[in-house]
file final32.txt (compact mmCIF, C-alpha atoms)
# COMPACT_ATOMS: atom_id res chain seq x y z
CA MET A 30 87.09 103.71 56.89
CA SER A 31 85.97 101.41 54.11
CA THR A 32 85.75 97.67 54.59
CA ASN A 33 87.90 96.62 51.66
CA ILE A 34 91.16 97.34 53.47
CA SER A 35 93.01 94.08 54.07
CA TYR A 36 93.04 92.50 57.50
CA GLY A 37 96.82 92.68 57.61
CA THR A 38 96.66 96.45 57.20
CA ILE A 39 94.11 96.79 60.00
CA LEU A 40 96.26 94.64 62.27
CA LYS A 41 99.44 96.59 61.48
CA ASN A 42 97.57 99.85 61.91
CA GLY A 43 96.58 98.90 65.45
CA MET A 44 100.07 97.79 66.37
CA PHE A 45 102.14 100.57 64.84
CA GLY A 46 100.44 103.26 62.73
CA GLU A 47 97.79 104.01 65.34
CA ASN A 48 99.35 102.42 68.39
CA PRO A 49 96.87 103.19 71.20
CA VAL A 50 99.48 104.42 73.67
CA PHE A 51 102.29 105.92 71.60
CA ARG A 52 100.36 107.29 68.62
CA LEU A 53 96.74 107.85 69.66
CA ALA A 54 97.91 108.72 73.20
CA LEU A 55 94.80 107.09 74.67
CA SER A 56 94.59 105.12 77.91
CA LEU A 57 97.79 106.61 79.28
CA CYS A 58 96.57 106.11 82.88
CA PRO A 59 96.86 102.32 82.86
CA ALA A 60 100.00 102.57 80.75
CA VAL A 61 101.62 104.50 83.59
CA ALA A 62 99.95 102.64 86.46
CA VAL A 63 100.69 98.99 85.68
CA THR A 64 104.04 99.13 83.90
CA GLY A 65 106.26 98.97 87.00
CA GLY A 66 107.14 95.46 85.87
CA VAL A 67 107.13 93.60 82.56
CA LYS A 68 104.90 90.87 83.96
CA ASN A 69 102.13 93.21 85.14
CA GLY A 70 102.20 95.07 81.84
CA PHE A 71 101.99 91.85 79.87
CA LEU A 72 99.09 90.42 81.90
CA MET A 73 97.19 93.69 81.69
CA GLY A 74 97.79 93.77 77.93
CA VAL A 75 96.40 90.26 77.51
CA ALA A 76 93.23 91.16 79.45
CA VAL A 77 92.76 94.31 77.35
CA LEU A 78 93.39 92.36 74.14
CA PHE A 79 90.59 89.94 75.01
CA VAL A 80 88.13 92.62 76.13
CA MET A 81 88.77 94.81 73.06
CA THR A 82 88.26 91.93 70.64
CA MET A 83 85.02 90.86 72.30
CA VAL A 84 83.68 94.41 72.62
CA ASN A 85 84.46 95.25 69.00
CA GLY A 86 82.78 92.03 67.87
CA THR A 87 79.65 92.64 69.94
CA VAL A 88 79.33 96.29 68.94
CA SER A 89 79.77 95.36 65.29
CA LEU A 90 77.07 92.66 65.51
CA LEU A 91 74.63 95.02 67.20
CA ARG A 92 75.58 98.11 65.14
CA ASN A 93 72.27 98.24 63.30
CA PHE A 94 70.28 97.56 66.44
CA ILE A 95 71.88 100.14 68.75
CA ASN A 96 70.05 103.45 68.55
CA PRO A 97 72.57 106.18 67.62
CA LYS A 98 71.13 108.52 70.27
CA VAL A 99 72.02 106.16 73.10
CA ARG A 100 75.05 104.52 71.53
CA ILE A 101 77.55 105.55 74.23
CA PRO A 102 75.54 104.05 77.14
CA SER A 103 75.04 100.94 75.04
CA TYR A 104 78.78 100.63 74.34
CA MET A 105 79.58 101.19 78.00
CA PHE A 106 77.23 98.41 78.98
CA ILE A 107 78.75 96.02 76.47
CA ILE A 108 82.23 96.89 77.75
CA ALA A 109 81.17 96.44 81.38
CA THR A 110 79.67 93.05 80.54
CA TRP A 111 82.82 91.71 78.92
CA VAL A 112 85.04 93.09 81.65
CA THR A 113 82.87 91.43 84.30
CA VAL A 114 82.96 88.14 82.40
CA THR A 115 86.76 88.34 82.09
CA ASP A 116 87.07 89.18 85.78
CA GLN A 117 84.89 86.29 86.91
CA VAL A 118 86.38 83.70 84.60
CA MET A 119 89.91 84.67 85.62
CA ALA A 120 89.00 84.67 89.32
CA ALA A 121 87.70 81.12 88.97
CA THR A 122 90.27 79.55 86.67
CA GLN A 123 93.51 81.56 86.80
CA ARG A 124 94.01 82.06 90.53
CA ALA A 125 97.73 82.85 90.48
CA VAL A 126 97.40 85.43 87.70
CA TYR A 127 94.22 86.86 89.21
CA LYS A 128 95.97 87.52 92.52
CA GLU A 129 98.56 89.62 90.67
CA MET A 130 96.19 91.69 88.60
CA GLY A 131 92.65 91.24 89.89
CA LEU A 132 92.70 94.86 90.97
CA TYR A 133 93.47 96.13 87.48
CA ILE A 134 90.98 94.12 85.45
CA VAL A 135 87.88 95.98 86.59
CA LEU A 136 89.62 99.22 85.58
CA ILE A 137 89.41 98.21 81.91
CA VAL A 138 85.80 99.45 81.94
CA ALA A 139 87.11 103.01 81.97
CA PHE A 140 89.81 102.65 79.30
CA ALA A 141 89.31 105.29 76.66
CA ILE A 142 90.82 103.10 73.96
CA VAL A 143 88.11 100.42 74.26
CA LEU A 144 85.25 102.91 73.92
CA SER A 145 87.04 104.83 71.19
CA ARG A 146 87.51 101.75 68.99
CA ALA A 147 83.86 100.74 69.49
CA GLU A 148 82.81 104.22 68.35
CA MET A 149 85.43 104.80 65.64
CA PHE A 150 85.61 101.38 64.05
CA ALA A 151 83.28 98.63 65.24
CA SER A 152 80.10 100.67 64.90
CA ARG A 153 80.86 101.28 61.20
CA ASN A 154 82.33 97.97 60.10
CA LYS A 155 81.39 94.35 59.66
CA LEU A 156 82.11 91.66 62.22
CA LEU A 157 85.41 90.28 60.92
CA PRO A 158 87.24 93.56 60.32
CA SER A 159 86.00 94.74 63.74
CA LEU A 160 87.36 91.66 65.46
CA VAL A 161 90.68 92.14 63.67
CA ASP A 162 90.75 95.82 64.62
CA GLY A 163 90.06 94.99 68.28
CA PHE A 164 92.74 92.33 68.21
CA GLY A 165 95.26 94.60 66.49
CA MET A 166 94.60 97.51 68.83
CA GLY A 167 94.79 95.17 71.80
CA LEU A 168 98.09 93.83 70.49
CA GLY A 169 99.37 97.39 70.04
CA PHE A 170 98.38 98.18 73.62
CA LEU A 171 100.06 94.99 74.86
CA LEU A 172 103.21 95.85 72.92
CA ALA A 173 103.31 99.36 74.38
CA LEU A 174 102.80 98.12 77.95
CA VAL A 175 105.52 95.48 77.57
CA LEU A 176 107.94 98.04 76.07
CA LEU A 177 107.29 100.45 78.93
CA GLY A 178 107.52 97.60 81.41
CA ILE A 179 110.91 96.50 80.07
CA PHE A 180 112.21 100.07 80.12
CA ARG A 181 110.98 100.81 83.65
CA GLU A 182 111.70 97.50 85.34
CA PHE A 183 115.20 97.26 83.85
CA LEU A 184 116.16 100.79 84.86
CA GLY A 185 114.24 100.88 88.13
CA LYS A 186 114.87 97.44 89.55
CA GLY A 187 117.67 96.06 87.40
CA SER A 188 115.50 93.05 86.61
CA LEU A 189 113.24 91.72 83.87
CA TRP A 190 110.09 89.66 84.57
CA GLY A 191 111.25 89.45 88.20
CA ALA A 192 114.65 87.97 87.34
CA GLN A 193 117.54 90.09 88.63
CA ILE A 194 119.95 91.09 85.85
CA LEU A 195 121.84 94.10 87.18
CA PRO A 196 122.91 94.33 90.82
CA GLY A 197 121.10 97.04 92.76
CA LYS A 198 118.64 99.58 91.41
CA PRO A 199 120.16 101.82 88.70
CA VAL A 200 117.42 104.48 88.45
CA LEU A 201 114.97 103.78 91.25
CA ILE A 202 112.57 106.57 90.31
CA MET A 203 111.65 104.73 87.10
CA ILE A 204 109.39 102.27 88.92
CA MET A 205 107.76 104.97 91.04
CA PRO A 206 104.60 106.64 89.70
CA ALA A 207 106.55 109.72 88.60
CA GLY A 208 108.95 107.50 86.65
CA GLY A 209 105.97 106.28 84.64
CA PHE A 210 105.58 109.75 83.16
CA PHE A 211 109.30 110.08 82.46
CA ALA A 212 109.37 106.69 80.77
CA MET A 213 106.24 107.49 78.76
CA GLY A 214 107.64 110.83 77.58
CA LEU A 215 111.04 109.46 76.68
CA MET A 216 109.55 106.45 74.89
CA MET A 217 107.05 108.51 72.92
CA GLY A 218 109.70 111.02 71.94
CA TRP A 219 112.07 108.28 70.87
CA LEU A 220 109.43 106.54 68.76
CA ASN A 221 108.40 109.86 67.18
CA TRP A 222 112.03 110.53 66.35
CA ILE A 223 112.35 107.12 64.69
CA ASP A 224 109.12 107.72 62.79
CA ARG A 225 110.26 111.11 61.48
CA LYS A 226 113.82 110.12 60.74
CA PHE A 227 113.24 106.80 59.00
CA PHE A 228 109.63 106.69 57.90
CA GLY A 229 108.89 110.34 57.15
CA GLY A 230 105.92 110.41 59.54
CA THR A 231 104.68 113.32 61.60
CA GLY A 232 104.67 111.71 65.05
CA ALA A 233 101.83 111.51 67.55
CA SER A 234 99.54 114.49 67.63
CA SER A 235 96.29 113.76 69.45
CA GLY A 236 95.87 113.34 73.20
CA GLY A 237 93.53 111.86 75.76
CA HIS A 238 93.58 110.02 79.06
CA MET B 18 57.30 109.90 71.30
CA LYS B 19 57.76 106.96 68.96
CA ASP B 20 61.47 107.67 68.96
CA MET B 21 61.58 107.58 72.75
CA MET B 22 59.95 104.15 72.80
CA LYS B 23 62.49 102.89 70.26
CA ILE B 24 65.42 104.19 72.27
CA THR B 25 64.07 102.74 75.52
CA LEU B 26 63.41 99.39 73.90
CA SER B 27 66.89 99.24 72.36
CA LEU B 28 68.55 100.05 75.68
CA VAL B 29 66.40 97.64 77.68
CA MET B 30 67.13 94.82 75.25
CA ILE B 31 70.89 95.40 75.59
CA PHE B 32 70.62 95.54 79.38
CA ILE B 33 68.66 92.29 79.50
CA GLY B 34 71.11 90.53 77.19
CA ALA B 35 74.11 91.78 79.17
CA GLY B 36 72.43 90.82 82.44
CA LEU B 37 71.83 87.31 81.16
CA ILE B 38 75.43 86.85 80.05
CA MET B 39 76.76 88.12 83.38
CA GLY B 40 74.30 86.03 85.36
CA VAL B 41 75.19 82.82 83.56
CA THR B 42 78.93 83.51 83.96
CA TYR B 43 78.46 84.18 87.66
CA LYS B 44 76.46 80.98 88.12
CA PHE B 45 79.23 78.87 86.64
CA THR B 46 82.29 80.64 88.03
CA SER B 47 81.28 81.56 91.58
CA PRO B 48 81.25 77.98 93.03
CA ILE B 49 84.70 77.33 91.51
CA LYS B 50 85.99 80.64 92.87
CA PHE B 51 84.53 79.95 96.33
CA LYS B 52 86.12 76.49 96.48
CA ALA B 53 89.49 77.76 95.28
CA GLU B 54 89.49 80.54 97.89
CA LYS B 55 88.61 78.10 100.68
CA LYS B 56 91.33 75.71 99.60
CA GLU B 57 93.93 78.51 99.42
CA LYS B 58 93.03 79.61 102.93
CA GLU B 59 93.33 76.06 104.29
CA GLU B 60 96.68 75.60 102.56
CA ALA B 61 98.01 78.87 103.97
CA LEU B 62 96.96 77.84 107.49
CA LYS B 63 98.49 74.42 107.03
CA GLU B 64 101.78 76.06 106.03
CA MET B 65 101.69 78.07 109.25
CA ALA B 66 101.44 74.94 111.38
CA PRO B 67 103.03 72.03 109.49
CA THR B 68 102.94 69.73 112.54
CA ALA B 69 99.16 70.03 112.97
CA THR B 70 97.22 66.91 112.04
CA ASP B 71 93.66 67.98 112.85
CA PRO B 72 91.75 70.40 110.61
CA ILE B 73 92.39 74.00 111.69
CA THR B 74 89.14 75.77 112.54
CA PRO B 75 88.62 79.34 113.79
CA ALA B 76 88.70 79.64 117.59
CA GLY B 77 87.51 83.24 117.77
CA LYS B 78 87.56 86.75 116.36
CA TRP B 79 89.41 89.94 117.25
CA SER B 80 89.70 93.29 115.55
CA VAL B 81 92.24 96.01 114.85
CA HIS B 82 92.02 99.04 112.50
CA SER B 83 88.24 98.35 112.59
CA ARG B 84 88.79 95.14 110.63
CA ASN B 85 87.93 91.68 111.88
CA PHE B 86 90.48 88.89 112.09
CA GLU B 87 90.30 85.26 113.13
CA TYR B 88 92.59 83.28 115.35
CA TYR B 89 93.09 79.53 115.41
CA MET B 90 94.50 76.84 117.64
CA ALA B 91 96.23 74.17 115.56
CA THR B 92 96.23 70.73 117.17
CA ALA B 93 97.85 67.36 116.56
CA SER B 94 95.68 64.55 117.95
CA GLY B 95 93.97 66.95 120.33
CA LYS B 96 97.11 68.61 121.75
CA PRO B 97 97.91 72.20 120.75
CA VAL B 98 100.97 72.60 118.53
CA ALA B 99 100.60 76.19 117.32
CA TYR B 100 98.48 79.31 117.68
CA ILE B 101 97.72 81.19 114.47
CA SER B 102 96.12 84.54 113.77
CA SER B 103 95.35 86.60 110.72
CA THR B 104 96.22 90.26 111.08
CA ALA B 105 96.97 93.49 109.22
CA GLY B 106 99.23 96.49 109.70
CA LYS B 107 98.94 99.93 108.16
CA GLY B 108 101.84 100.39 105.76
CA TYR B 109 102.72 103.36 103.57
CA SER B 110 100.07 102.90 100.89
CA SER B 111 98.06 99.85 101.94
CA PHE B 112 97.01 97.52 104.68
CA ILE B 113 99.50 94.69 104.82
CA GLN B 114 97.55 91.46 105.40
CA MET B 115 99.45 88.74 107.24
CA LEU B 116 99.29 85.42 109.04
CA VAL B 117 101.34 84.83 112.21
CA SER B 118 101.85 81.60 114.08
CA LEU B 119 103.24 81.04 117.57
CA ASP B 120 104.70 77.84 118.95
CA THR B 121 103.53 76.51 122.33
CA ASP B 122 106.12 78.73 124.10
CA LEU B 123 104.33 81.71 122.52
CA LYS B 124 107.35 82.57 120.38
CA ILE B 125 106.83 83.39 116.70
CA SER B 126 107.37 80.38 114.47
CA GLU B 127 106.16 81.69 111.11
CA VAL B 128 105.16 84.97 109.45
CA LYS B 129 103.48 85.17 106.08
CA VAL B 130 102.40 88.24 104.09
CA LEU B 131 99.17 87.44 102.26
CA SER B 132 98.66 90.69 100.39
CA MET B 133 99.96 94.24 100.29
CA ASN B 134 100.19 97.13 97.91
CA GLU B 135 103.31 98.97 99.02
CA THR B 136 105.57 101.02 96.75
CA PRO B 137 107.36 98.68 94.32
CA GLY B 138 111.09 98.67 94.90
CA LEU B 139 110.84 100.29 98.34
CA GLY B 140 107.96 99.16 100.55
CA ASP B 141 107.63 95.77 98.92
CA GLN B 142 111.01 94.83 100.38
CA VAL B 143 109.08 93.78 103.51
CA LEU B 144 108.32 90.59 101.56
CA GLU B 145 112.00 89.66 101.62
CA LYS B 146 112.97 86.62 103.65
CA SER B 147 115.80 88.47 105.39
CA PHE B 148 113.29 90.89 106.90
CA LEU B 149 110.51 88.43 107.79
CA ASP B 150 112.91 85.83 109.23
CA GLN B 151 113.87 88.32 111.94
CA PHE B 152 110.53 87.65 113.64
CA LYS B 153 111.11 83.92 114.01
CA GLY B 154 111.79 82.71 117.55
CA LYS B 155 111.05 86.08 119.15
CA PRO B 156 108.54 86.56 122.00
CA LEU B 157 106.13 89.49 122.26
CA SER B 158 108.53 91.61 124.34
CA GLN B 159 111.17 91.60 121.59
CA ILE B 160 108.91 92.67 118.73
CA ILE B 161 110.08 96.27 118.57
CA LEU B 162 111.15 98.03 115.38
CA ILE B 163 114.63 99.56 115.52
CA LYS B 164 116.22 101.84 112.91
CA GLY B 165 119.74 100.46 112.78
CA GLU B 166 121.61 97.27 113.57
CA THR B 167 119.90 94.89 115.98
CA LYS B 168 119.81 91.18 116.71
CA GLU B 169 117.57 91.48 119.78
CA ASN B 170 114.70 93.30 118.04
CA ILE B 171 113.42 93.89 114.50
CA GLN B 172 115.63 95.92 112.18
CA ALA B 173 113.72 98.29 109.88
CA ILE B 174 114.51 98.25 106.15
CA THR B 175 116.34 101.39 105.05
CA GLY B 176 113.99 103.43 102.88
CA ALA B 177 110.95 101.41 103.91
CA THR B 178 110.55 102.34 107.57
CA ILE B 179 106.81 102.91 107.38
CA SER B 180 106.15 99.59 105.65
CA SER B 181 108.44 97.84 108.15
CA ARG B 182 106.50 99.48 110.97
CA GLY B 183 103.21 98.34 109.44
CA VAL B 184 104.35 94.74 109.37
CA THR B 185 105.80 94.92 112.89
CA ASN B 186 102.70 96.55 114.39
CA GLY B 187 100.37 94.08 112.68
CA ILE B 188 102.36 91.15 114.01
CA LYS B 189 102.61 92.68 117.47
CA ASP B 190 98.82 93.16 117.66
CA ALA B 191 98.21 89.56 116.64
CA VAL B 192 100.80 88.14 119.05
CA GLN B 193 99.34 90.28 121.85
CA THR B 194 95.89 88.86 121.11
CA LEU B 195 97.14 85.28 121.04
CA VAL B 196 99.10 85.75 124.26
CA ASP B 197 96.00 87.22 125.93
CA LYS B 198 93.89 84.27 124.81
CA TYR B 199 96.28 81.38 125.30
CA GLY B 200 99.08 82.76 127.47
CA ALA B 201 97.33 82.42 130.86
CA GLY B 202 98.57 78.90 131.59
CA ILE B 203 102.14 79.63 130.55
CA LYS B 204 102.31 83.02 132.33
CA THR B 205 101.29 81.54 135.70
CA ALA B 206 103.81 78.77 135.27
CA VAL B 207 106.58 81.35 134.82
CA GLN B 208 105.41 83.34 137.83
CA GLU B 209 105.36 80.24 140.00
CA VAL B 210 108.94 79.47 139.10
CA LYS B 211 109.97 83.03 140.03
CA HIS B 212 108.14 82.71 143.33
CA GLU B 213 110.12 79.67 144.31
CA HIS B 214 113.45 81.41 143.86
call {"tool": "encode", "arguments": {"input": "final32.txt", "output": "structure tokens"}}
result
Amino acid sequence: MSTNISYGTILKNGMFGENPVFRLALSLCPAVAVTGGVKNGFLMGVAVLFVMTMVNGTVSLLRNFINPKVRIPSYMFIIATWVTVTDQVMAATQRAVYKEMGLYIVLIVAFAIVLSRAEMFASRNKLLPSLVDGFGMGLGFLLALVLLGIFREFLGKGSLWGAQILPGKPVLIMIMPAGGFFAMGLMMGWLNWIDRKFFGGTGASSGGH
Amino acid sequence: MKDMMKITLSLVMIFIGAGLIMGVTYKFTSPIKFKAEKKEKEEALKEMAPTATDPITPAGKWSVHSRNFEYYMATASGKPVAYISSTAGKGYSSFIQMLVSLDTDLKISEVKVLSMNETPGLGDQVLEKSFLDQFKGKPLSQIILIKGETKENIQAITGATISSRGVTNGIKDAVQTLVDKYGAGIKTAVQEVKHEH
């Protein structure tokens, strides 16, 4: 990827063209695990957004210093550092939020999307485009988690962000782990259909975990 | 050989830098975190015994499910007003951590779930007021889980029997412990009354 692409394009690419969950099909584990409610999905998305931006920035700054033969361990260490920092700062300052999602934050270390953007983009680009890419990808991830959260919480619990909208639980299985896979499949299929029908795209093709 | 040195150096430098960043963050955040946790614990205990005026300090330890829990005697100007214990019960997918408080008649006055990780939509219904309020005012002998209508005992939530059982067992263990520790005086009083009749 050359560096003269505009920042707006990079941002849009992360959010739609190469949406981490629906197009790149990376980091599907957390996308299934934490989207039982809109709130959890949103909070997780925000944490990932921060970590991805910081990791991309750091990797980009150190890209000439990191030896290519040990680049993956180096990236992992940078990711682990920023996740730990996020975890500790949140535990100290955002108690209420931390109680809800403290368990999930440490999991960000293992998100394929963070490592993949460090390798694919940040290690080959200057600081600013890398920050924008991290931010855009993080935003795309956030968007996907919130979409899945809305879909699952509304159908599974009849509520949104904890506020009851429908009486009872229309499709209870949607908030169970199995429902995560159904929701993911339906959502991805629907978005692929839109892409093919209206934008002449080819839909998601790659896969990961 | 020269390459190996380069690689090692590059990795070590990154490790040192990362270690420094994490160390500094820990130094600044850990005292704040520690204080916040202590304050939250005190507030939770205070909620369990609103009439207590003295600071609530641990009176002893007990254990269940090979985990340690603390119990407390809450006092107002030296006189006991409530007995509190932390406890946990094994639910469907997690240990349900709770606080229970008894009034001076050894009947449950308050139940609070601190943390749990039960199935959303099913097991997490044990957090609902309608379920937890059933425990209020009941003595140890009435804390029995029943599947079906009951006013005397505790009615299990349909579709969340295992989580309901976890909560009930956890509370029962804690109440048993508190009764064993503090019930002696009250028990003998009851027996004496029976003797007279």
call {"tool": "atom_distance", "arguments": {"input": "final32.txt", "atom1": "atom CA of A:Phe106", "atom2": "atom CA of A:Ala147"}}
result
11.8 Å
call {"tool": "residues_around", "arguments": {"input": "final32.txt", "residues": "stretch 132-138 of chain B", "least_positions_apart": "6", "cutoff": "12 Å", "atoms": "only C-alpha atoms", "output": "ChimeraX atom specification"}}
result
/A:62-66,69,128-130,132,181-188,191,197-208 /B:103-116,144-145,174-181,183-184
call {"tool": "interface_residues", "arguments": {"input": "final32.txt", "of": "chain A", "to": "chain B", "cutoff": "9 Å", "atoms": "all atoms listed in the file", "output": "short mmCIF file (atom, residue, chain, number, x, y, z; two decimals) with C-alpha atoms, in the frame of the given file"}}
result
data_model
loop_
_atom_site.label_atom_id
_atom_site.label_comp_id
_atom_site.auth_asym_id
_atom_site.auth_seq_id
_atom_site.Cartn_x
_atom_site.Cartn_y
_atom_site.Cartn_z
CA GLY A 65 106.26 98.97 87.00
CA PHE A 94 70.28 97.56 66.44
CA ILE A 95 71.88 100.14 68.75
CA ASN A 96 70.05 103.45 68.55
CA PRO A 97 72.57 106.18 67.62
CA LYS A 98 71.13 108.52 70.27
CA VAL A 99 72.02 106.16 73.10
CA ARG A 100 75.05 104.52 71.53
CA PRO A 102 75.54 104.05 77.14
CA SER A 103 75.04 100.94 75.04
CA PHE A 106 77.23 98.41 78.98
CA ILE A 107 78.75 96.02 76.47
CA ALA A 109 81.17 96.44 81.38
CA THR A 110 79.67 93.05 80.54
CA TRP A 111 82.82 91.71 78.92
CA THR A 113 82.87 91.43 84.30
CA VAL A 114 82.96 88.14 82.40
CA GLN A 117 84.89 86.29 86.91
CA VAL A 118 86.38 83.70 84.60
CA MET A 119 89.91 84.67 85.62
CA ALA A 120 89.00 84.67 89.32
CA ALA A 121 87.70 81.12 88.97
CA THR A 122 90.27 79.55 86.67
CA ARG A 124 94.01 82.06 90.53
CA LYS A 128 95.97 87.52 92.52
CA GLY A 185 114.24 100.88 88.13
CA LYS A 186 114.87 97.44 89.55
CA LYS A 198 118.64 99.58 91.41
CA LEU A 201 114.97 103.78 91.25
CA ILE A 204 109.39 102.27 88.92
CA MET A 205 107.76 104.97 91.04
#
call {"tool": "atom_distance", "arguments": {"input": "final32.txt", "atom1": "atom CA of A:Lys41", "atom2": "atom CA of A:Leu168"}}
result
9.5 Å
call {"tool": "closest_residue", "arguments": {"input": "final32.txt", "among": "B:Thr185, B:Gln193, B:Ala91, B:Lys44", "to": "B:Glu59", "atoms": "all atoms listed in the file"}}
result
B:Ala91
call {"tool": "atom_distance", "arguments": {"input": "final32.txt", "atom1": "atom CA of A:Ile39", "atom2": "atom CA of A:Lys155"}}
result
13.0 Å
call {"tool": "residues_around", "arguments": {"input": "final32.txt", "residues": "stretch 46-49 of chain A", "least_positions_apart": "4", "cutoff": "9 Å", "atoms": "all atoms listed in the file", "output": "JSON, numbers by chain"}}
result
{"A": [41, 42, 53, 54, 55, 56, 57, 142, 166, 167, 168, 169, 170, 172, 173, 233]}
call {"tool": "write_last_selection", "arguments": {"input": "final32.txt", "atoms": "C-alpha atoms", "output": "compact mmCIF listing (two decimals), in the frame of the given file"}}
result
# COMPACT_ATOMS: atom_id res chain seq x y z
CA LYS A 41 99.44 96.59 61.48
CA ASN A 42 97.57 99.85 61.91
CA LEU A 53 96.74 107.85 69.66
CA ALA A 54 97.91 108.72 73.20
CA LEU A 55 94.80 107.09 74.67
CA SER A 56 94.59 105.12 77.91
CA LEU A 57 97.79 106.61 79.28
CA ILE A 142 90.82 103.10 73.96
CA MET A 166 94.60 97.51 68.83
CA GLY A 167 94.79 95.17 71.80
CA LEU A 168 98.09 93.83 70.49
CA GLY A 169 99.37 97.39 70.04
CA PHE A 170 98.38 98.18 73.62
CA LEU A 172 103.21 95.85 72.92
CA ALA A 173 103.31 99.36 74.38
CA ALA A 233 101.83 111.51 67.55
call {"tool": "closest_residue", "arguments": {"input": "final32.txt", "among": "A:Pro59, A:Gly74, A:Gly86, A:Gly178", "to": "A:Ser152", "atoms": "all atoms listed in the file"}}
result
A:Gly86
call {"tool": "residues_near_point", "arguments": {"input": "final32.txt", "point": "(91.3, 87.6, 111.5)", "cutoff": "12 Å", "atoms": "only C-alpha atoms", "output": "short mmCIF file (atom, residue, chain, number, x, y, z; two decimals) with C-alpha atoms, in the frame of the given file"}}
result
data_model
loop_
_atom_site.label_atom_id
_atom_site.label_comp_id
_atom_site.auth_asym_id
_atom_site.auth_seq_id
_atom_site.Cartn_x
_atom_site.Cartn_y
_atom_site.Cartn_z
CA LYS B 58 93.03 79.61 102.93
CA LEU B 62 96.96 77.84 107.49
CA PRO B 75 88.62 79.34 113.79
CA ALA B 76 88.70 79.64 117.59
CA GLY B 77 87.51 83.24 117.77
CA LYS B 78 87.56 86.75 116.36
CA TRP B 79 89.41 89.94 117.25
CA SER B 80 89.70 93.29 115.55
CA VAL B 81 92.24 96.01 114.85
CA HIS B 82 92.02 99.04 112.50
CA SER B 83 88.24 98.35 112.59
CA ARG B 84 88.79 95.14 110.63
CA ASN B 85 87.93 91.68 111.88
CA PHE B 86 90.48 88.89 112.09
CA GLU B 87 90.30 85.26 113.13
CA TYR B 88 92.59 83.28 115.35
CA TYR B 89 93.09 79.53 115.41
CA ILE B 101 97.72 81.19 114.47
CA SER B 102 96.12 84.54 113.77
CA SER B 103 95.35 86.60 110.72
CA THR B 104 96.22 90.26 111.08
CA ALA B 105 96.97 93.49 109.22
CA GLN B 114 97.55 91.46 105.40
CA MET B 115 99.45 88.74 107.24
CA LEU B 116 99.29 85.42 109.04
CA VAL B 117 101.34 84.83 112.21
CA GLY B 187 100.37 94.08 112.68
CA ILE B 188 102.36 91.15 114.01
CA ASP B 190 98.82 93.16 117.66
CA ALA B 191 98.21 89.56 116.64
CA THR B 194 95.89 88.86 121.11
CA LEU B 195 97.14 85.28 121.04
#
call {"tool": "closest_residue", "arguments": {"input": "final32.txt", "among": "B:Leu123, B:Ala61, B:Ile171, B:Ala93", "to": "B:Ser147", "atoms": "only C-alpha atoms"}}
result
B:Ile171
